[in-house]
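Working notes for the structure below.
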Amino acid sequence: MSKKVAFYTLGCKLNFSETSSIGRVFQDAGYETTPFNSAADVYVINTCSVTDHADKKCRKVVKEALKYSPNAYITIVGCYAQLKPAEIAEIPGVDMVLGAAEKFNIIEHINDLTKNEKAVVHNAPIDETNQFVSAYSIGDRTRTFLKVQDGCDYSCTFCTIPLARGASRSGKIEEIVRQAEEIAASGVKEIVLTGVNIGDFGIRDGKRQDKFLDLVKALDEVTGIDRIRISSIEPNLLANEIIEFVAQSKRFVPHFHMPLQSGNNKVLSMMRRRYKRELYAQRVEKIKELMPDCCIGVDVIVGFPGETREDFIDTYNFLNEMDISYLHVFTYSERENTIAAQMEGAVPGSQRSDRSKMLHILSEKKRRAFYEKQLDKVGEVLFESDEKEGYMHGFSKNYVKVRTAYDPLLVNEVAHVKFLSITDSCEVEIEELKEVLAH
């Protein structure tokens, strides 16, 4: 009988794409993939270090895996594994820790699955991690995360990602197009482009060889894919040419997610962000000028060292006045080996929490206001396979979440709908479904 492997992913869309690719490496080696909550011979846990309590989360997942299979071989990969391998090696039950350069060669490092008294660590210095390894997620038939870029050359004072993933590097356009064609052939309707800093796409062997716009234009010609979504892009890298191309594109959808982090220029400077809020406002204005119904998501950090009450209110007012659709709110937490962790002016935890709550409420208001503008309009919705209390869900091109009575014939299909009303849980009810669009 073939050995079984199970996976658990913490963190971002990029991690999910990489977990899927590692899964295919195991399948090629003869392993059978099994759900995490079942007995397996090997458990691979892909970790994150961006949000707080990485150690606590990792310990909990390891403990859960050993509950299902007490003698299983436990391997930890991902950003946390690169940053703190010795700390992970001390977690009871962990057998192997693989850094950024080693995780895709996991099969070469797996032994006969004999558990050791002390975890084995393979963790090269991050400056030796300079190869781009392609990845894409498969499993959700509706949507796939396609990795196009890795690493980051920016030096934001709060961030450990350059320490965890290394320098910016990308795949070749023709290789990414080939993967998109493979994804299309599998029946997936939507691709989400992902990376650490995807607007910086085009660096190979330490030199810039392409631009993100070149990739966007090439992917727009891939047949068989209904939609391509850009996961997140820095405002200074979202050039007007990209916005203009998406506005008339065949496949790229009217949805941008742009990290802001702060709406106060003093705080942006302390964060070492590469723009001022005026540029951010210009990007939003340009998007809305060309695509009035475009969805715009925003990342914001609250409680950064030195952020006064006045600075935060400045950010709040800036966001409140802009035509954006939702917020992802992060409460600042200190990270070892970052400049911000050494800064003066730490914001008390209670104030960080209060500011986070204010922005979460603002986000709910923004999302509802955006949805209200869509009511009585007709859109195309791609339905997913989930079923909850007799309902299924889907997303329009501009990221309006809708619900309707579950119908298996609609799974992974695009349908014309009319947006009718908004539920208490901020989902959009739709009028009767029109015929499923032919593709």
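All residue names refer to the structure tokens as shown: chains lettered A, B, ... in order, residues numbered from 1 in each chain, ligands numbered from 1 in order.
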
(request) List every residue of range 247-331 of chain A that DSSP, applied to the backbone of this structure, assigns to helix (DSSP H, G or I), and report them as a ChimeraX atom specification. (result) /A:247,265-271,277-290,309-321

Take the residues from that selection and put them in a file with N, CA and C atoms, as a compact mmCIF listing (two decimals), in the first residue's frame.
# COMPACT_ATOMS: atom_id res chain seq x y z
N ALA A 247 -8.97 47.65 -17.69
CA ALA A 247 -10.28 48.25 -17.99
C ALA A 247 -10.86 47.76 -19.30
N ASN A 265 1.08 60.37 6.05
CA ASN A 265 2.39 60.38 5.40
C ASN A 265 3.55 60.23 6.37
N LYS A 266 3.41 60.74 7.58
CA LYS A 266 4.48 60.57 8.57
C LYS A 266 4.69 59.09 8.89
N VAL A 267 3.59 58.39 9.10
CA VAL A 267 3.68 56.96 9.41
C VAL A 267 4.18 56.18 8.20
N LEU A 268 3.72 56.53 7.00
CA LEU A 268 4.22 55.86 5.78
C LEU A 268 5.72 56.00 5.67
N SER A 269 6.24 57.17 6.01
CA SER A 269 7.69 57.40 5.97
C SER A 269 8.40 56.53 6.98
N MET A 270 7.86 56.41 8.20
CA MET A 270 8.47 55.56 9.23
C MET A 270 8.42 54.08 8.82
N MET A 271 7.40 53.72 8.06
CA MET A 271 7.29 52.34 7.57
C MET A 271 8.21 52.07 6.39
N ARG A 277 0.42 59.19 0.49
CA ARG A 277 -1.01 58.90 0.35
C ARG A 277 -1.63 59.58 -0.87
N GLU A 278 -1.02 60.65 -1.32
CA GLU A 278 -1.54 61.34 -2.49
C GLU A 278 -1.48 60.44 -3.72
N LEU A 279 -0.41 59.66 -3.86
CA LEU A 279 -0.30 58.73 -4.99
C LEU A 279 -1.37 57.65 -4.88
N TYR A 280 -1.60 57.18 -3.66
CA TYR A 280 -2.63 56.15 -3.46
C TYR A 280 -4.00 56.67 -3.91
N ALA A 281 -4.30 57.91 -3.51
CA ALA A 281 -5.58 58.51 -3.89
C ALA A 281 -5.70 58.65 -5.40
N GLN A 282 -4.58 58.98 -6.05
CA GLN A 282 -4.58 59.10 -7.52
C GLN A 282 -4.90 57.76 -8.18
N ARG A 283 -4.34 56.66 -7.62
CA ARG A 283 -4.59 55.33 -8.18
C ARG A 283 -6.08 54.98 -8.06
N VAL A 284 -6.66 55.25 -6.89
CA VAL A 284 -8.08 54.96 -6.69
C VAL A 284 -8.93 55.78 -7.66
N GLU A 285 -8.58 57.04 -7.81
CA GLU A 285 -9.33 57.92 -8.71
C GLU A 285 -9.25 57.43 -10.15
N LYS A 286 -8.07 56.98 -10.58
CA LYS A 286 -7.88 56.48 -11.95
C LYS A 286 -8.71 55.21 -12.18
N ILE A 287 -8.67 54.31 -11.21
CA ILE A 287 -9.43 53.06 -11.32
C ILE A 287 -10.92 53.35 -11.47
N LYS A 288 -11.42 54.22 -10.61
CA LYS A 288 -12.86 54.51 -10.60
C LYS A 288 -13.28 55.31 -11.84
N GLU A 289 -12.37 56.09 -12.37
CA GLU A 289 -12.66 56.83 -13.60
C GLU A 289 -12.92 55.88 -14.76
N LEU A 290 -12.08 54.83 -14.86
CA LEU A 290 -12.18 53.89 -15.97
C LEU A 290 -13.14 52.73 -15.69
N ARG A 309 -2.75 59.21 18.19
CA ARG A 309 -4.20 59.20 17.98
C ARG A 309 -4.55 60.07 16.76
N GLU A 310 -3.87 61.21 16.64
CA GLU A 310 -4.13 62.12 15.51
C GLU A 310 -3.74 61.46 14.18
N ASP A 311 -2.61 60.74 14.18
CA ASP A 311 -2.19 60.04 12.96
C ASP A 311 -3.23 59.01 12.54
N PHE A 312 -3.74 58.28 13.53
CA PHE A 312 -4.74 57.25 13.21
C PHE A 312 -6.02 57.89 12.67
N ILE A 313 -6.47 58.98 13.30
CA ILE A 313 -7.68 59.66 12.83
C ILE A 313 -7.47 60.18 11.40
N ASP A 314 -6.25 60.60 11.11
CA ASP A 314 -5.91 61.03 9.75
C ASP A 314 -6.11 59.88 8.77
N THR A 315 -5.63 58.69 9.14
CA THR A 315 -5.81 57.49 8.31
C THR A 315 -7.29 57.16 8.17
N TYR A 316 -8.01 57.20 9.29
CA TYR A 316 -9.44 56.88 9.27
C TYR A 316 -10.20 57.80 8.32
N ASN A 317 -9.94 59.09 8.44
CA ASN A 317 -10.64 60.06 7.59
C ASN A 317 -10.28 59.88 6.12
N PHE A 318 -9.01 59.59 5.86
CA PHE A 318 -8.55 59.36 4.48
C PHE A 318 -9.29 58.19 3.86
N LEU A 319 -9.40 57.09 4.62
CA LEU A 319 -10.09 55.90 4.12
C LEU A 319 -11.59 56.14 3.99
N ASN A 320 -12.14 56.86 4.94
CA ASN A 320 -13.58 57.12 4.94
C ASN A 320 -14.00 57.92 3.71
N GLU A 321 -13.13 58.83 3.27
CA GLU A 321 -13.46 59.71 2.15
C GLU A 321 -13.23 59.06 0.79

(message) When you look at range 182-189 of chain A with a cut-off of 6 Å (counting only C-alpha atoms), what residues show up, excluding the ones that are within fewer than 6 positions of it in the same chain? I need them as a PyMOL selection string.
(response) chain A and resi 141-143+224-226

(request) Would you list, as an NGL selection string, the residues of range 192-425 of chain A that end up in strand (DSSP E) under DSSP run on this structure's backbone? (result) :A and (192-194 or 203-204 or 207-208 or 227-230 or 255-261 or 295-302 or 326-331 or 378-383 or 391-396 or 401-405 or 414-422)

Do you have, as a Markdown table, the list of residues of range 171-225 of chain A lying at most 10 Å from range 135-138 of chain A, each with its nearest atom pair and that distance in Å to one decimal, counting only C-alpha atoms and ordered by chain then number?
| residue | atom | partner | partner_atom | distance |
| --- | --- | --- | --- | --- |
| A:Ile176 | CA | A:Ala135 | CA | 9.5 |
| A:Gln179 | CA | A:Tyr136 | CA | 8.2 |
| A:Ala180 | CA | A:Tyr136 | CA | 9.2 |
| A:Ile183 | CA | A:Ile138 | CA | 8.4 |
| A:Ser186 | CA | A:Ile138 | CA | 9.1 |
| A:Val188 | CA | A:Ile138 | CA | 8.8 |
| A:Ile191 | CA | A:Tyr136 | CA | 9.4 |
| A:Val192 | CA | A:Tyr136 | CA | 9.5 |
| A:Leu193 | CA | A:Tyr136 | CA | 9.4 |
| A:Thr194 | CA | A:Tyr136 | CA | 9.1 |

Export of prior selection with N, CA and C atoms as an mmCIF file, in the first residue's frame:
data_model
loop_
_atom_site.group_PDB
_atom_site.id
_atom_site.type_symbol
_atom_site.label_atom_id
_atom_site.label_comp_id
_atom_site.auth_asym_id
_atom_site.auth_seq_id
_atom_site.Cartn_x
_atom_site.Cartn_y
_atom_site.Cartn_z
ATOM 1 N N ILE A 176 4.782 30.640 -17.322
ATOM 2 C CA ILE A 176 3.558 30.966 -16.583
ATOM 3 C C ILE A 176 2.339 30.825 -17.498
ATOM 4 N N GLN A 179 1.501 27.195 -17.753
ATOM 5 C CA GLN A 179 0.780 26.725 -16.564
ATOM 6 C C GLN A 179 -0.674 27.182 -16.584
ATOM 7 N N ALA A 180 -0.908 28.406 -17.022
ATOM 8 C CA ALA A 180 -2.283 28.911 -17.122
ATOM 9 C C ALA A 180 -3.083 28.056 -18.099
ATOM 10 N N ILE A 183 -4.014 24.886 -16.348
ATOM 11 C CA ILE A 183 -5.112 25.152 -15.418
ATOM 12 C C ILE A 183 -6.432 25.231 -16.188
ATOM 13 N N SER A 186 -7.885 21.968 -17.068
ATOM 14 C CA SER A 186 -8.422 21.196 -15.940
ATOM 15 C C SER A 186 -9.859 21.587 -15.603
ATOM 16 N N VAL A 188 -10.830 24.697 -14.515
ATOM 17 C CA VAL A 188 -10.906 25.836 -13.590
ATOM 18 C C VAL A 188 -11.313 27.090 -14.366
ATOM 19 N N ILE A 191 -8.319 32.253 -12.388
ATOM 20 C CA ILE A 191 -6.948 32.233 -11.890
ATOM 21 C C ILE A 191 -6.718 33.493 -11.064
ATOM 22 N N VAL A 192 -6.125 33.314 -9.879
ATOM 23 C CA VAL A 192 -5.702 34.447 -9.057
ATOM 24 C C VAL A 192 -4.177 34.498 -9.088
ATOM 25 N N LEU A 193 -3.633 35.588 -9.620
ATOM 26 C CA LEU A 193 -2.174 35.734 -9.670
ATOM 27 C C LEU A 193 -1.667 36.091 -8.286
ATOM 28 N N THR A 194 -0.650 35.366 -7.826
ATOM 29 C CA THR A 194 -0.156 35.594 -6.475
ATOM 30 C C THR A 194 1.361 35.631 -6.435
#

(request) Would you list the contacts of Thr338 in chain A as a ChimeraX atom specification, taking every protein, DNA or RNA residue within 10 Å and counting only C-alpha atoms, but skipping same-chain residues closer than 6 positions in sequence? (result) /A:155-160,163

(request) Calculate how many Å separate CA of Asn264 in chain A from CA of Cys48 in chain A, rounding to one decimal. (result) 27.9 Å

(message) Would you pick out the contacts of His255 in chain A at 12 Å or less, using only C-alpha atoms, so that residues sharing its chain but fewer than 4 positions from it are not included, and give the list as a PyMOL selection string?
(response) chain A and resi 192+227-233+243+246-247+251+284+287-288+291-298+324-326+395-400

Save out the residues we just selected, C-alpha atoms, as a CSV table (one decimal), in the first residue's frame.
chain,number,residue,atom,x,y,z
A,192,VAL,CA,-5.7,34.4,-9.1
A,227,ARG,CA,-11.3,35.3,-15.3
A,228,ILE,CA,-7.9,36.4,-14.1
A,229,ARG,CA,-7.7,38.3,-10.8
A,230,ILE,CA,-4.7,40.2,-9.4
A,231,SER,CA,-4.4,39.3,-5.8
A,232,SER,CA,-2.5,42.3,-4.4
A,233,ILE,CA,-0.3,45.0,-5.9
A,243,ILE,CA,-5.2,50.0,-14.9
A,246,VAL,CA,-7.4,45.8,-17.2
A,247,ALA,CA,-10.3,48.3,-18.0
A,251,ARG,CA,-10.1,38.2,-18.9
A,284,VAL,CA,-8.1,55.0,-6.7
A,287,ILE,CA,-9.4,53.1,-11.3
A,288,LYS,CA,-12.9,54.5,-10.6
A,291,MET,CA,-14.1,51.2,-14.0
A,292,PRO,CA,-16.8,52.8,-11.8
A,293,ASP,CA,-18.0,49.5,-10.5
A,294,CYS,CA,-14.4,48.2,-9.7
A,295,CYS,CA,-13.9,46.6,-6.3
A,296,ILE,CA,-10.9,48.1,-4.4
A,297,GLY,CA,-9.6,46.3,-1.3
A,298,VAL,CA,-7.1,47.9,1.1
A,324,ILE,CA,-13.0,51.9,-1.7
A,325,SER,CA,-14.8,48.6,-1.1
A,326,TYR,CA,-13.4,46.8,1.9
A,395,PHE,CA,-18.6,36.0,-6.7
A,396,SER,CA,-19.1,38.5,-9.5
A,397,LYS,CA,-16.2,39.8,-11.5
A,398,ASN,CA,-16.0,42.8,-9.2
A,399,TYR,CA,-16.0,40.6,-6.1
A,400,VAL,CA,-19.6,40.9,-4.9

(request) Have a look at A:Ala86, A:Val347, A:Ile301, A:Val222 and name the one nearest to Lys118 in chain A; count only C-alpha atoms. (result) A:Ala86

(request) Identify, on the basis of only C-alpha atoms, every residue whose closest approach to range 408-414 of chain A does not exceed 6 Å; exclude the query and any residue fewer than 2 positions from it along the same chain; express the result as number ranges by chain. (result) A: 142, 381-385

Could the residues in this selection be written to a file with N, CA and C atoms, as a compact mmCIF listing (two decimals), in the first residue's frame?
# COMPACT_ATOMS: atom_id res chain seq x y z
N THR A 142 -13.12 25.73 -8.86
CA THR A 142 -13.57 27.04 -9.32
C THR A 142 -12.40 28.00 -9.54
N VAL A 381 -21.83 35.82 -12.29
CA VAL A 381 -21.36 35.24 -11.04
C VAL A 381 -20.83 33.83 -11.29
N LEU A 382 -19.66 33.57 -10.74
CA LEU A 382 -19.07 32.23 -10.79
C LEU A 382 -19.39 31.54 -9.46
N PHE A 383 -20.17 30.45 -9.53
CA PHE A 383 -20.64 29.79 -8.32
C PHE A 383 -19.66 28.72 -7.84
N GLU A 384 -19.55 28.62 -6.53
CA GLU A 384 -18.62 27.68 -5.90
C GLU A 384 -19.38 26.47 -5.38
N SER A 385 -18.63 25.50 -4.85
CA SER A 385 -19.24 24.22 -4.50
C SER A 385 -19.72 24.15 -3.06

(message) Quick one: residues within 9 Å of range 71-83 of chain A, only C-alpha atoms, excluding same-chain residues fewer than 4 positions away - as a ChimeraX atom specification?
(response) /A:10,15,39-50,54-55,58,62,65-66,87-89,93-103,106,110,113-115,123-126,160-161,163-165

Export, as a JSON list (two decimals), in the first residue's frame, the selected residues with C-alpha atoms.
[["chain", "number", "residue", "atom", "x", "y", "z"],
["A", 10, "LEU", "CA", -1.22, 28.62, 7.43],
["A", 15, "ASN", "CA", 1.45, 29.43, 0.69],
["A", 39, "ALA", "CA", -4.40, 9.10, 9.66],
["A", 40, "ALA", "CA", -1.30, 9.74, 7.54],
["A", 41, "ASP", "CA", 2.31, 8.57, 7.46],
["A", 42, "VAL", "CA", 3.60, 12.11, 6.81],
["A", 43, "TYR", "CA", 2.15, 15.50, 7.76],
["A", 44, "VAL", "CA", 3.53, 18.62, 6.09],
["A", 45, "ILE", "CA", 2.68, 21.92, 7.80],
["A", 46, "ASN", "CA", 3.30, 25.06, 5.73],
["A", 47, "THR", "CA", 3.74, 27.97, 8.14],
["A", 48, "CYS", "CA", 3.41, 31.75, 8.11],
["A", 49, "SER", "CA", 5.14, 34.45, 10.13],
["A", 50, "VAL", "CA", 3.25, 37.55, 8.99],
["A", 54, "ALA", "CA", 3.25, 31.62, 14.66],
["A", 55, "ASP", "CA", 4.77, 29.42, 17.37],
["A", 58, "CYS", "CA", 2.36, 25.63, 14.72],
["A", 62, "VAL", "CA", 1.43, 19.51, 15.24],
["A", 65, "ALA", "CA", -1.72, 15.80, 13.57],
["A", 66, "LEU", "CA", -0.27, 13.49, 16.22],
["A", 87, "GLU", "CA", 12.53, 27.17, 17.80],
["A", 88, "ILE", "CA", 10.41, 24.84, 15.66],
["A", 89, "ALA", "CA", 12.83, 21.95, 16.17],
["A", 93, "GLY", "CA", 6.71, 15.66, 17.70],
["A", 94, "VAL", "CA", 8.45, 17.64, 14.92],
["A", 95, "ASP", "CA", 10.84, 15.46, 12.89],
["A", 96, "MET", "CA", 12.15, 17.82, 10.19],
["A", 97, "VAL", "CA", 12.32, 21.54, 9.48],
["A", 98, "LEU", "CA", 12.94, 22.77, 5.91],
["A", 99, "GLY", "CA", 13.87, 26.32, 4.99],
["A", 100, "ALA", "CA", 12.89, 28.31, 1.90],
["A", 101, "ALA", "CA", 15.55, 26.78, -0.37],
["A", 102, "GLU", "CA", 14.82, 23.20, 0.69],
["A", 103, "LYS", "CA", 11.03, 22.88, 0.86],
["A", 106, "ILE", "CA", 11.25, 17.70, 0.42],
["A", 110, "ILE", "CA", 12.44, 12.57, 3.75],
["A", 113, "LEU", "CA", 10.07, 8.02, 8.14],
["A", 114, "THR", "CA", 11.82, 6.87, 11.29],
["A", 115, "LYS", "CA", 11.09, 9.37, 14.04],
["A", 123, "ASN", "CA", 17.95, 25.61, 6.51],
["A", 124, "ALA", "CA", 20.31, 27.46, 4.18],
["A", 125, "PRO", "CA", 20.93, 31.23, 4.63],
["A", 126, "ILE", "CA", 18.19, 33.19, 2.88],
["A", 160, "THR", "CA", 10.17, 39.95, 7.86],
["A", 161, "ILE", "CA", 9.19, 38.59, 4.44],
["A", 163, "LEU", "CA", 14.24, 37.52, 5.59],
["A", 164, "ALA", "CA", 11.86, 34.59, 5.10],
["A", 165, "ARG", "CA", 11.65, 34.47, 1.30]]

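Nearest to Asn337 in chain A of all the residues A:Lys366, A:Lys13, A:Lys84, A:Lys56 is A:Lys84, counting only C-alpha atoms.
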
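Minimum atom-to-atom distance to Met358 in chain A, evaluated using only C-alpha atoms, belongs to A:Leu327 out of A:Val121, A:Leu327, A:Val5, A:Ala341.
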
(request) Skip Ser425 in chain A itself and residues of its chain fewer than 2 positions away, then list as a ChimeraX atom specification all residues within 12 Å of it, counting only C-alpha atoms. (result) /A:364,367-368,401-403,421-423,427-429

Write to file, as a PDB file, in the first residue's frame, the residues of the selection just made, with C-alpha atoms.
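Just written: result.pdb:
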ATOM      1  CA  GLU A 364     -18.293  46.746   6.988  1.00  0.00           C
ATOM      2  CA  ARG A 367     -18.530  46.877   1.779  1.00  0.00           C
ATOM      3  CA  ARG A 368     -22.245  47.448   2.308  1.00  0.00           C
ATOM      4  CA  LYS A 401     -20.439  37.876  -2.832  1.00  0.00           C
ATOM      5  CA  VAL A 402     -23.871  36.463  -3.661  1.00  0.00           C
ATOM      6  CA  ARG A 403     -25.939  33.587  -2.353  1.00  0.00           C
ATOM      7  CA  SER A 421     -30.910  42.913  -1.885  1.00  0.00           C
ATOM      8  CA  ILE A 422     -28.302  42.659   0.876  1.00  0.00           C
ATOM      9  CA  THR A 423     -28.623  40.160   3.739  1.00  0.00           C
ATOM     10  CA  GLU A 427     -24.229  38.815   1.067  1.00  0.00           C
ATOM     11  CA  VAL A 428     -26.261  39.784  -1.966  1.00  0.00           C
ATOM     12  CA  GLU A 429     -29.503  37.995  -2.752  1.00  0.00           C
TER      13      GLU A 429
END

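Reported to one decimal place, the separation of CA of Tyr31 in chain A from CA of Phe132 in chain A is 24.8 Å.
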
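Take CA of Glu389 in chain A and CA of Asp407 in chain A: the distance between them is 12.6 Å.
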
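With only C-alpha atoms as the atoms that count, the minimum distance from Asp299 in chain A to the choices A:His257, A:Arg355, A:His328, A:Lys373 is reached by A:His328.
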
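Proximity ranking of A:Lys172, A:Tyr8, A:Ser333, A:Glu181 relative to Asp205 in chain A places A:Lys172 first, based on only C-alpha atoms.
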
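Proximity to Val300 in chain A was assessed for A:Ala29, A:Leu260, A:Ile361, A:Val378 counting only C-alpha atoms; the smallest distance is recorded for A:Leu260.
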